[in-house]
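Accompanying notes for the structure given below.
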Amino acid sequence: MPRHVDELQNGEPFPVKPDTNEYEALSFLVRNREYGFRPSEIAERTDISKASASKTMTRLFEKGLVKRSEGLYYVDPDRTGELKQRLDSLDAAVQLFATAPSDDADAEPGWEDTLSSITPEQDQHHEPGAADTDTHPEPEATSLVEQLTDETSEQ
Amino acid sequence: MSYQHGHVVSIPDPHDTRPSRPAIIISDNACPDHGSMYTVVALTSSQQYGQHRYAVAIEKDEPETGHLLKRSYVEPWATAQIAHEDIRDVHARLGSDVMKRVAEAYATMILRD
């Protein structure tokens with residue numbers, strides 16, 4: 001059965017974990033996107049040790065996340081936006097978990113498997129974009145703000 | 001599939017040490033990079049967090065499509081921008097009535113003197 005391309009592209013986890021040398025080196029190269037660096041130069045400017053810098057950069061290169069030319073590593077200028085988004089998302093997800101409450105029942109392992117996922121067919125009455133673009137919630141938002149501000153001023 | 005405003009999704013732990021966290025997509029395609037990045041607000045079944053002033057309770061069977069694991073609370077103070085690929089699955093879709101309660105909580109939080 002043919003499947004939508006969006007679906008096939010779905011769920012590729014970012015091949016770099018937070019708090020690792022690879023994460024730090026990639027973040028460094030994204031921040032310094034206009035330059036290429038040798039592994040030793042990356043080690044000097046980050047917390048990565050000189051001993052592990054070469055190995056780290058080789059792994060990032062093999063994962064297709066960085067480019068290499070004459071021993072210098074750099075990020076593809078066409079991909080810096082995408083890589084920055086992925087790193088930012090990783091940071092945001094880490095933060096989301098760092099602030100999770102301890103008495104969370106969703107914290108039971110595998111809850112997401114017991115709760116069935118909704119399929120696009122079940123969700124089809126909600127046409128993509130229909131609620132996103134055709135509604136005009138501005139007047140409602142304005143009246144809500146007015147209502148809440150009135151209440152606040154009366155207190 | 002792309003995710004939509006009102007979807008209840010699961011976000012895996014980047015460290016792979018804890019179970020996924022549920023969250024609600026609150027951005028839509030009027031936002032920049034919609035489709036590759038989504039603004040989400042965290043959802044929890046923590047009774048303790050449910051006590052907070054701005055928490056919004058959602059009953060298990062309240063979503064228009066699908067359902068929640070149990071009675072849950074929206075945490076308007078915990079929002080994040082998450083990449084499409086860092087979202088694992090869609091479990092439910094909330095209707096406009098629930099989204100209005102979320103909006104009200106945000107408005108109350110922001111307008112508070």
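Each chain in the structure tokens gets a letter, A, B and so on, in the order shown; residues start at 1 in every chain, and ligands are counted from 1 in the order they appear.
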Review point. Among chain B, which ones does DSSP place in strand (DSSP E), written as a PyMOL selection string?
Key: chain B and resi 7-11+21-25+37-44+56-58+65-66+72-83+89-93
Practice item. Would you mind reading off the distance between CA of Pro19 (chain B) and CA of Arg59 (chain A), one decimal, in Å? Key: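 Between these atoms lies a distance of 27.5 Å.
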Check your understanding: Using only C-alpha atoms, which residues sit within 6 Å of Glu64 (chain B) once same-chain residues fewer than 3 positions away are excluded, as an MDAnalysis selection string?
Key -> chainID B and resid 93:95
May I have the residues from that selection written out with N, CA and C atoms, as a PDB file, in the first residue's frame?
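Once everything was written out, this is again-v1.pdb:
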ATOM      1  N   ARG B  93      -6.368  13.770  20.016  1.00  0.00           N
ATOM      2  CA  ARG B  93      -6.493  15.163  19.572  1.00  0.00           C
ATOM      3  C   ARG B  93      -7.523  15.854  20.432  1.00  0.00           C
ATOM      4  N   LEU B  94      -7.146  17.007  20.951  1.00  0.00           N
ATOM      5  CA  LEU B  94      -8.051  17.759  21.822  1.00  0.00           C
ATOM      6  C   LEU B  94      -8.930  18.667  20.979  1.00  0.00           C
ATOM      7  N   GLY B  95     -10.160  18.823  21.405  1.00  0.00           N
ATOM      8  CA  GLY B  95     -11.086  19.699  20.690  1.00  0.00           C
ATOM      9  C   GLY B  95     -10.905  21.143  21.121  1.00  0.00           C
TER      10      GLY B  95
END
Review point. Nearest to chain B among A:Leu26, A:Ala43, A:Leu65, A:Val16, with distances taken over only C-alpha atoms: which residue is it?
Key: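 For chain B, the nearest of the candidates is A:Val16.
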